[in-house]
file my_file05.tsv (TSV, C-alpha atoms)
chain	number	residue	atom	x	y	z
A	128	MET	CA	170.59	116.54	93.70
A	129	ASN	CA	168.99	113.76	91.67
A	130	ASN	CA	165.68	114.91	93.10
A	131	ILE	CA	165.68	117.97	90.91
A	132	HIS	CA	166.13	115.84	87.83
A	133	ASP	CA	163.25	113.63	88.99
A	134	PHE	CA	161.06	116.68	89.39
A	135	TYR	CA	162.02	117.86	85.95
A	136	ASN	CA	161.24	114.50	84.37
A	137	LYS	CA	157.92	114.20	86.13
A	138	MET	CA	156.85	117.62	84.92
A	139	GLU	CA	158.12	116.88	81.43
A	140	GLU	CA	156.30	113.53	81.24
A	141	GLY	CA	153.16	115.08	82.68
A	142	ASN	CA	153.23	117.87	80.10
A	143	ILE	CA	153.02	120.47	82.84
A	144	MET	CA	153.03	123.98	81.37
A	145	LEU	CA	152.96	125.72	84.70
A	146	SER	CA	152.73	124.67	88.29
A	147	PHE	CA	152.58	126.52	91.55
A	148	LYS	CA	152.36	125.51	95.18
A	149	GLY	CA	151.93	128.13	97.81
A	150	GLU	CA	149.67	130.84	99.03
A	151	VAL	CA	147.37	132.26	96.36
A	152	THR	CA	147.50	136.06	96.48
A	153	SER	CA	146.03	138.72	94.24
A	154	ASP	CA	149.44	139.54	92.74
A	155	LEU	CA	150.19	135.88	92.07
A	156	LEU	CA	146.88	135.58	90.27
A	157	THR	CA	147.74	138.53	88.03
A	158	SER	CA	151.16	137.05	87.23
A	159	ILE	CA	149.87	133.56	86.42
A	160	LEU	CA	147.23	135.01	84.10
A	161	GLN	CA	149.84	137.12	82.31
A	162	ILE	CA	152.22	134.18	81.92
A	163	MET	CA	149.51	131.88	80.58
A	164	GLU	CA	148.20	134.51	78.23
A	165	SER	CA	151.60	135.04	76.66
A	166	LYS	CA	152.27	131.26	76.53
A	167	MET	CA	149.02	130.68	74.65
A	168	GLU	CA	149.87	133.60	72.38
A	169	THR	CA	153.23	131.96	71.57
A	170	LEU	CA	151.52	128.62	70.93
A	171	ASP	CA	149.17	130.38	68.53
A	172	GLU	CA	146.08	128.87	70.16
A	173	PRO	CA	142.74	129.59	68.47
A	174	PRO	CA	141.04	132.58	70.14
A	175	LYS	CA	138.16	130.37	71.22
A	176	ILE	CA	140.41	128.00	73.21
A	177	LYS	CA	142.46	130.89	74.57
A	178	LYS	CA	139.36	132.57	75.95
A	179	LYS	CA	137.92	129.40	77.46
A	180	VAL	CA	141.20	128.49	79.15
A	181	TYR	CA	141.65	132.06	80.40
A	182	ASN	CA	138.13	132.20	81.84
A	183	ILE	CA	138.48	128.85	83.60
A	184	LEU	CA	141.88	129.90	84.96
A	185	VAL	CA	140.38	133.05	86.42
A	186	GLU	CA	137.55	131.16	88.14
A	187	CYS	CA	139.76	128.34	89.44
A	188	LEU	CA	142.36	130.74	90.82
A	189	GLN	CA	139.76	132.99	92.39
A	190	ASN	CA	138.11	129.93	93.95
A	191	LEU	CA	141.44	129.16	95.59
A	192	TYR	CA	141.89	132.80	96.55
A	193	HIS	CA	138.46	133.22	98.14
A	194	HIS	CA	137.38	129.87	99.37
A	195	ILE	CA	140.28	128.62	101.36
A	196	ASP	CA	138.66	129.87	104.53
A	197	GLU	CA	139.87	129.84	108.10
A	198	ASP	CA	138.46	126.35	108.79
A	199	ASP	CA	140.40	124.93	105.87
A	200	LYS	CA	143.69	126.34	107.08
A	201	GLN	CA	143.84	124.67	110.46
A	202	THR	CA	145.59	121.48	109.44
A	203	LYS	CA	148.36	119.95	111.52
A	204	SER	CA	151.04	121.54	109.40
A	205	ASN	CA	149.03	124.76	109.42
A	206	GLU	CA	148.89	124.43	105.67
A	207	ASN	CA	147.26	127.40	104.01
A	208	SER	CA	148.62	126.88	100.55
A	209	ALA	CA	147.21	125.34	97.42
A	210	LEU	CA	148.48	123.53	94.36
A	211	PHE	CA	147.76	124.78	90.89
A	212	MET	CA	148.81	123.18	87.58
A	213	ILE	CA	148.15	123.53	83.90
A	214	ARG	CA	148.80	120.68	81.50
A	215	LYS	CA	148.40	120.34	77.80
A	216	VAL	CA	148.16	116.78	76.51
A	217	ASP	CA	147.40	116.03	72.86
A	218	GLY	CA	146.10	119.55	72.40
A	219	GLU	CA	143.74	119.35	75.36
A	220	TYR	CA	144.20	121.71	78.28
A	221	SER	CA	143.68	120.60	81.88
A	222	ILE	CA	143.53	122.96	84.80
A	223	MET	CA	144.17	121.23	88.10
A	224	THR	CA	143.83	122.55	91.60
A	225	GLY	CA	144.39	120.99	95.00
A	226	ASN	CA	143.74	122.35	98.46
A	227	TYR	CA	142.92	121.25	101.99
A	228	MET	CA	139.32	121.45	103.00
A	229	ALA	CA	137.71	121.15	106.41
A	230	GLU	CA	135.53	118.03	106.59
A	231	GLY	CA	132.50	120.18	107.34
A	232	ASN	CA	132.75	121.82	103.90
A	233	VAL	CA	133.25	118.62	101.92
A	234	GLU	CA	129.67	117.39	101.57
A	235	LEU	CA	128.43	120.78	100.44
A	236	MET	CA	131.11	120.94	97.74
A	237	ARG	CA	130.54	117.33	96.68
A	238	GLY	CA	126.80	117.94	96.39
A	239	ARG	CA	127.37	121.06	94.31
A	240	LEU	CA	129.78	119.28	91.95
A	241	ASP	CA	127.51	116.23	91.56
A	242	ARG	CA	124.53	118.46	90.80
A	243	ILE	CA	126.52	120.33	88.14
A	244	ASN	CA	127.90	117.10	86.63
A	245	ALA	CA	124.39	115.68	86.27
A	246	MET	CA	123.37	118.59	84.00
A	247	ASP	CA	123.68	118.92	80.25
A	248	ARG	CA	124.58	122.16	78.45
A	249	ASP	CA	121.07	123.62	78.42
A	250	GLU	CA	120.38	122.70	82.03
A	251	LEU	CA	123.62	124.38	83.06
A	252	LYS	CA	122.60	127.54	81.21
A	253	LEU	CA	119.24	127.60	83.01
A	254	TYR	CA	120.85	126.88	86.37
A	255	TYR	CA	123.41	129.66	85.82
A	256	LYS	CA	120.66	132.17	85.05
A	257	GLU	CA	118.67	131.06	88.08
A	258	VAL	CA	121.62	131.47	90.45
A	259	LEU	CA	122.66	134.74	88.77
A	260	ASN	CA	119.21	136.23	89.16
A	261	ASN	CA	118.08	134.78	92.49
A	262	GLY	CA	121.22	133.76	94.29
A	263	GLU	CA	122.56	135.74	97.16
A	264	MET	CA	125.71	137.65	96.43
A	265	SER	CA	128.28	136.74	99.03
A	266	ALA	CA	130.89	139.19	100.24
A	267	LYS	CA	133.41	137.09	98.35
A	268	GLY	CA	131.60	137.58	95.10
A	269	GLY	CA	130.03	134.99	92.86
A	270	GLY	CA	127.77	133.24	95.33
A	271	GLY	CA	128.07	129.78	93.79
A	272	LEU	CA	128.29	130.85	90.15
A	273	GLY	CA	131.97	129.96	89.77
A	274	MET	CA	131.69	126.18	89.45
A	275	ILE	CA	128.66	126.44	87.14
A	276	ASP	CA	130.57	128.80	84.90
A	277	ILE	CA	133.64	126.54	84.92
A	278	ALA	CA	131.47	123.59	83.84
A	279	ARG	CA	129.78	125.62	81.09
A	280	LYS	CA	133.07	126.87	79.65
A	281	SER	CA	134.78	123.49	80.01
A	282	GLY	CA	132.13	121.55	78.13
A	283	LYS	CA	133.20	118.43	80.06
A	284	LYS	CA	132.34	116.82	83.37
A	285	LEU	CA	134.31	118.13	86.32
A	286	GLU	CA	136.67	115.49	87.71
A	287	TYR	CA	137.18	115.68	91.43
A	288	ASN	CA	138.34	113.76	94.46
A	289	PHE	CA	138.28	114.20	98.22
A	290	GLU	CA	141.02	112.36	100.01
A	291	PRO	CA	140.70	112.16	103.79
A	292	ILE	CA	144.04	113.26	105.21
A	293	GLN	CA	143.78	113.50	108.96
A	294	ASP	CA	141.19	114.20	111.61
A	295	GLY	CA	138.74	116.63	110.15
A	296	PHE	CA	140.47	117.34	106.85
A	297	SER	CA	140.39	116.24	103.24
A	298	PHE	CA	142.49	117.14	100.26
A	299	PHE	CA	140.25	118.40	97.48
A	300	SER	CA	141.48	117.82	93.92
A	301	LEU	CA	139.77	119.28	90.90
A	302	ASN	CA	140.60	118.65	87.25
A	303	VAL	CA	138.92	120.80	84.62
A	304	LYS	CA	139.43	119.84	80.99
A	305	VAL	CA	138.77	122.18	78.14
A	306	ALA	CA	136.87	120.55	75.28
A	307	GLN	CA	138.41	121.24	71.89
B	638	MET	CA	126.08	165.82	88.00
B	639	GLU	CA	129.73	164.93	87.55
B	640	GLU	CA	130.95	162.61	84.85
B	641	LEU	CA	132.27	159.22	85.99
B	642	LYS	CA	135.58	158.12	84.49
B	643	ILE	CA	137.49	155.07	85.62
B	644	GLU	CA	140.61	154.11	83.75
B	645	GLY	CA	140.98	150.44	82.84
B	646	SER	CA	143.55	148.11	84.43
B	647	PRO	CA	144.57	144.49	83.74
B	648	LYS	CA	141.75	143.35	86.01
B	649	THR	CA	139.16	146.11	85.71
B	650	PRO	CA	137.39	147.72	82.77
B	651	THR	CA	137.34	151.32	81.58
B	652	ILE	CA	134.10	152.91	82.72
B	653	GLU	CA	132.76	156.20	81.40
B	654	PHE	CA	129.39	157.64	82.18
B	655	ASN	CA	128.28	161.07	81.11
B	656	PRO	CA	124.98	162.08	82.75
B	657	SER	CA	124.52	165.07	80.44
B	658	THR	CA	124.59	162.93	77.29
B	659	GLY	CA	123.25	159.72	78.82
B	660	TYR	CA	126.11	157.62	77.47
B	661	LEU	CA	127.67	154.70	79.36
B	662	LEU	CA	130.70	152.72	78.23
B	663	VAL	CA	132.10	149.62	79.93
B	664	LYS	CA	135.10	148.27	78.08
B	665	GLY	CA	137.88	145.76	78.71
B	666	ARG	CA	138.34	143.05	81.31
B	667	SER	CA	136.38	142.70	84.48
B	668	ILE	CA	138.09	140.11	86.67
B	669	PRO	CA	138.70	141.84	90.02
B	670	GLU	CA	138.69	139.79	93.23
B	671	ASN	CA	136.34	142.30	94.80
B	672	SER	CA	133.76	143.33	92.22
B	673	ILE	CA	131.23	144.84	94.61
B	674	GLU	CA	133.69	147.50	95.64
B	675	PHE	CA	134.71	148.20	92.06
B	676	TYR	CA	131.16	148.63	90.70
B	677	ARG	CA	129.84	150.65	93.65
B	678	SER	CA	130.51	154.09	92.12
B	679	LEU	CA	128.78	153.17	88.86
B	680	ILE	CA	125.72	151.78	90.65
B	681	GLU	CA	125.52	154.96	92.73
B	682	ILE	CA	125.78	157.37	89.81
B	683	LEU	CA	123.13	155.44	87.85
B	684	GLU	CA	120.81	155.65	90.83
B	685	ALA	CA	121.28	159.42	91.01
B	686	TYR	CA	120.94	159.76	87.23
B	687	ASN	CA	117.51	158.11	87.35
B	688	GLN	CA	116.22	161.20	89.19
B	689	ASN	CA	117.20	163.41	86.28
B	690	SER	CA	117.75	161.30	83.18
B	691	GLN	CA	118.12	162.22	79.50
B	692	ALA	CA	115.44	161.27	76.94
B	693	ASN	CA	117.78	158.58	75.63
B	694	THR	CA	120.38	156.53	77.41
B	695	LYS	CA	122.84	154.59	75.29
B	696	VAL	CA	124.97	151.82	76.75
B	697	ASP	CA	127.95	150.10	75.12
B	698	ILE	CA	129.23	146.97	76.86
B	699	GLN	CA	132.48	145.84	75.26
B	700	LEU	CA	133.85	143.20	77.59
B	701	GLU	CA	136.65	140.87	76.65
B	702	TYR	CA	136.46	138.76	79.81
B	703	PHE	CA	134.48	138.90	82.99
B	704	ASN	CA	134.52	136.70	86.06
B	705	THR	CA	131.48	135.37	87.89
B	706	SER	CA	132.00	137.82	90.72
B	707	SER	CA	131.57	140.63	88.16
B	708	SER	CA	128.59	138.96	86.55
B	709	LYS	CA	126.40	139.70	89.59
B	710	CYS	CA	127.52	143.33	89.60
B	711	ILE	CA	126.89	143.68	85.88
B	712	LEU	CA	123.38	142.35	86.52
B	713	ASP	CA	122.96	145.02	89.20
B	714	VAL	CA	124.05	147.67	86.67
B	715	PHE	CA	121.48	146.34	84.20
B	716	LYS	CA	118.79	146.38	86.90
B	717	LYS	CA	119.52	150.08	87.46
B	718	LEU	CA	119.25	150.62	83.69
B	719	GLU	CA	115.95	148.73	83.72
B	720	ALA	CA	114.67	151.14	86.37
B	721	ILE	CA	115.89	154.10	84.29
B	722	ASN	CA	114.13	152.62	81.26
B	723	SER	CA	110.84	152.36	83.14
B	724	GLY	CA	111.36	155.97	84.26
B	725	ASN	CA	111.80	158.91	81.90
B	726	SER	CA	114.55	157.62	79.62
B	727	GLU	CA	114.61	155.21	76.74
B	728	VAL	CA	117.54	152.85	77.27
B	729	THR	CA	119.33	150.76	74.65
B	730	ILE	CA	122.08	148.31	75.55
B	731	ASN	CA	124.60	147.29	72.91
B	732	TRP	CA	126.38	144.06	73.85
B	733	TYR	CA	129.56	143.55	71.82
B	734	TYR	CA	131.18	140.16	71.27
B	735	GLU	CA	134.03	139.05	69.07
B	736	GLU	CA	133.18	136.75	66.19
B	737	ASP	CA	133.37	133.08	67.26
B	738	ASP	CA	133.12	134.06	70.91
B	739	GLU	CA	129.95	132.09	71.57
B	740	ASP	CA	130.48	132.24	75.32
B	741	MET	CA	130.35	136.06	75.29
B	742	LEU	CA	127.30	136.04	73.00
B	743	GLU	CA	125.58	133.57	75.31
B	744	ALA	CA	126.46	135.69	78.33
B	745	GLY	CA	124.73	138.63	76.66
B	746	GLU	CA	121.71	136.50	75.89
B	747	ASP	CA	121.56	135.37	79.52
B	748	TYR	CA	121.25	139.02	80.60
B	749	GLN	CA	118.80	139.77	77.80
B	750	ALA	CA	116.54	137.02	79.14
B	751	ILE	CA	116.57	138.48	82.65
B	752	ILE	CA	116.48	142.24	81.96
B	753	ASN	CA	113.55	144.04	80.43
B	754	VAL	CA	115.51	146.54	78.28
B	755	PRO	CA	116.15	146.28	74.51
B	756	PHE	CA	119.47	144.54	73.88
B	757	LYS	CA	121.36	144.64	70.63
B	758	MET	CA	123.99	141.93	70.04
B	759	ILE	CA	126.81	143.34	67.96
B	760	GLU	CA	129.47	141.10	66.46
B	761	VAL	CA	132.90	142.63	65.98
B	762	GLU	CA	136.02	141.28	64.34
B	763	GLU	CA	138.78	139.90	66.51
B	764	GLU	CA	141.47	142.37	67.36
call {"tool": "encode", "arguments": {"input": "my_file05.tsv", "output": "structure tokens"}}
result
Amino acid sequence: MNNIHDFYNKMEEGNIMLSFKGEVTSDLLTSILQIMESKMETLDEPPKIKKKVYNILVECLQNLYHHIDEDDKQTKSNENSALFMIRKVDGEYSIMTGNYMAEGNVELMRGRLDRINAMDRDELKLYYKEVLNNGEMSAKGGGGLGMIDIARKSGKKLEYNFEPIQDGFSFFSLNVKVAQ
Amino acid sequence: MEELKIEGSPKTPTIEFNPSTGYLLVKGRSIPENSIEFYRSLIEILEAYNQNSQANTKVDIQLEYFNTSSSKCILDVFKKLEAINSGNSEVTINWYYEEDDEDMLEAGEDYQAIINVPFKMIEVEEE
């Protein structure tokens, strides 16, 4: 039973406001957004921060919802779930996601993130408009706009990591901080 | 032509379009997982309206949040309005944003830069 106390302490020390591990469904998404909205209301966050955090939450959660595709699910444990956490440390929000990714998708994602991280505010704005206007709309929606939007709203570089797990799979971690 | 009325939900905006007055309102949150499906009826009615439009078409966009999947659909709506504007109707788009919401103002400016229809940026007080 000590395990539960350990979990509690780890979440307490890590300033975790909310964490979820499991399958990301449409209903779950609605619930998490409602919970976070009322938490930020209670904390009396400035409207500007509230809106940025909310927008980034929506994009991160919908990334998990849409982009865990069939390839990414076929791990040994048949893992089709994701990890999602929100922390607030010294007034700064972090939105963290983790999910398995098929090796074949890793380089594309890494390239996209590196390209975005190399851009300043104005370059991101131009890039967003270019993709918005010329990019193909995928059946899933945004067609590559999500990460650009997350970076614009965050105002910080996107922190990420790919950890090779087993044959053909990596664990993709993303940490999005919201600039004050 | 029938009026289009879609009631808002936690993830989708209120949409009202009256072809006999040429007034379109989009208000609320637009964060559905499947935006293409949601915006289809509006795109279709605007296409039909272009065949028989009013002298003036007024558009109020009062969005609190929208996701990137909606942003493409909103662009498609604006492209229909652009076509209507180059047809027989004079279109004006009012883009509302709450004071201090620079992201929403910038989003409006992004569309303004792409779409060839007069945009008016209107600041409103926070609710």
call {"tool": "closest_atom_pairs", "arguments": {"input": "my_file05.tsv", "of": "chain A", "to": "chain B", "cutoff": "10 Å", "atoms": "all atoms listed in the file", "output": "CSV"}}
result
residue,atom,partner,partner_atom,distance
A:Ser153,CA,B:Glu670,CA,7.5
A:Leu156,CA,B:Glu670,CA,9.7
A:Thr157,CA,B:Lys648,CA,7.9
A:Leu160,CA,B:Pro647,CA,9.9
A:Gln161,CA,B:Pro647,CA,9.2
A:Pro174,CA,B:Asp738,CA,8.1
A:Lys175,CA,B:Asp738,CA,6.3
A:Ile176,CA,B:Asp738,CA,9.8
A:Lys178,CA,B:Tyr702,CA,7.9
A:Lys179,CA,B:Asp740,CA,8.2
A:Tyr181,CA,B:Tyr702,CA,8.5
A:Asn182,CA,B:Tyr702,CA,7.1
A:Ile183,CA,B:Asn704,CA,9.1
A:Val185,CA,B:Asn704,CA,6.9
A:Glu186,CA,B:Asn704,CA,6.6
A:Gln189,CA,B:Glu670,CA,6.9
A:Asn190,CA,B:Glu670,CA,9.9
A:Tyr192,CA,B:Glu670,CA,8.4
A:His193,CA,B:Glu670,CA,8.2
A:Lys252,CA,B:Asp747,CA,8.1
A:Leu253,CA,B:Asp747,CA,8.8
A:Tyr255,CA,B:Asp747,CA,8.7
A:Lys256,CA,B:Asp747,CA,6.5
A:Glu257,CA,B:Ile751,CA,9.4
A:Val258,CA,B:Lys709,CA,9.6
A:Leu259,CA,B:Lys709,CA,6.3
A:Asn260,CA,B:Ile751,CA,7.4
A:Gly262,CA,B:Lys709,CA,9.2
A:Glu263,CA,B:Lys709,CA,9.4
A:Met264,CA,B:Lys709,CA,7.2
A:Ser265,CA,B:Ser706,CA,9.2
A:Ala266,CA,B:Ile673,CA,8.0
A:Lys267,CA,B:Asn671,CA,7.0
A:Gly268,CA,B:Ser706,CA,4.4
A:Gly269,CA,B:Ser706,CA,4.1
A:Gly270,CA,B:Ser706,CA,7.8
A:Gly271,CA,B:Thr705,CA,8.8
A:Leu272,CA,B:Thr705,CA,6.0
A:Gly273,CA,B:Thr705,CA,5.7
A:Met274,CA,B:Thr705,CA,9.3
A:Ile275,CA,B:Thr705,CA,9.4
A:Asp276,CA,B:Thr705,CA,7.3
A:Ile277,CA,B:Thr705,CA,9.6
A:Arg279,CA,B:Asp740,CA,8.8
A:Lys280,CA,B:Asp740,CA,7.4
call {"tool": "atom_distance", "arguments": {"input": "my_file05.tsv", "atom1": "CA of Phe211 (chain A)", "atom2": "CA of Ile143 (chain A)"}}
result
10.5 Å
call {"tool": "atom_distance", "arguments": {"input": "my_file05.tsv", "atom1": "CA of Lys166 (chain A)", "atom2": "CA of Glu219 (chain A)"}}
result
14.7 Å
call {"tool": "residues_around", "arguments": {"input": "my_file05.tsv", "residues": "Ser281 (chain A)", "least_positions_apart": "4", "cutoff": "7 Å", "atoms": "only C-alpha atoms", "output": "short mmCIF file (atom, residue, chain, number, x, y, z; two decimals) with C-alpha atoms, in the frame of the given file"}}
result
data_model
loop_
_atom_site.label_atom_id
_atom_site.label_comp_id
_atom_site.auth_asym_id
_atom_site.auth_seq_id
_atom_site.Cartn_x
_atom_site.Cartn_y
_atom_site.Cartn_z
CA ILE A 277 133.64 126.54 84.92
CA VAL A 303 138.92 120.80 84.62
CA LYS A 304 139.43 119.84 80.99
CA VAL A 305 138.77 122.18 78.14
CA ALA A 306 136.87 120.55 75.28
#
call {"tool": "atom_distance", "arguments": {"input": "my_file05.tsv", "atom1": "CA of Glu653 (chain B)", "atom2": "CA of Ile698 (chain B)"}}
result
10.9 Å
call {"tool": "residues_around", "arguments": {"input": "my_file05.tsv", "residues": "Gln688 (chain B)", "least_positions_apart": "5", "cutoff": "9 Å", "atoms": "only C-alpha atoms", "output": "number ranges by chain"}}
result
B: 721, 724-725
call {"tool": "residues_near_point", "arguments": {"input": "my_file05.tsv", "point": "(130.1, 163.2, 86.7)", "cutoff": "9 Å", "atoms": "only C-alpha atoms", "output": "list in words"}}
result
Met638, Glu639, Glu640, Leu641, Lys642, Phe654, Asn655, Pro656, Ser657 and Ile682 of chain B
call {"tool": "closest_residue", "arguments": {"input": "my_file05.tsv", "among": "A:Gln307, A:Ser297, A:Ser158, A:Asn261", "to": "Val233 (chain A)", "atoms": "only C-alpha atoms"}}
result
A:Ser297
call {"tool": "closest_residue", "arguments": {"input": "my_file05.tsv", "among": "B:Ile652, B:Ala685, B:Leu662, B:Ile759", "to": "Gly745 (chain B)", "atoms": "all atoms listed in the file"}}
result
B:Ile759
call {"tool": "closest_residue", "arguments": {"input": "my_file05.tsv", "among": "A:Met223, A:Lys283, A:Gly231, A:Glu290", "to": "Asp247 (chain A)", "atoms": "only C-alpha atoms"}}
result
A:Lys283
call {"tool": "closest_residue", "arguments": {"input": "my_file05.tsv", "among": "B:Ile680, B:Ile711, B:Leu661, B:Leu718", "to": "Lys695 (chain B)", "atoms": "only C-alpha atoms"}}
result
B:Leu661
call {"tool": "residues_around", "arguments": {"input": "my_file05.tsv", "residues": "Lys664 (chain B)", "least_positions_apart": "4", "cutoff": "6 Å", "atoms": "all atoms listed in the file", "output": "list of chain:residue names"}}
result
B:Pro650, B:Thr651, B:Gln699, B:Leu700
call {"tool": "residues_around", "arguments": {"input": "my_file05.tsv", "residues": "Gly295 (chain A)", "least_positions_apart": "5", "cutoff": "9 Å", "atoms": "only C-alpha atoms", "output": "number ranges by chain"}}
result
A: 202, 228-231
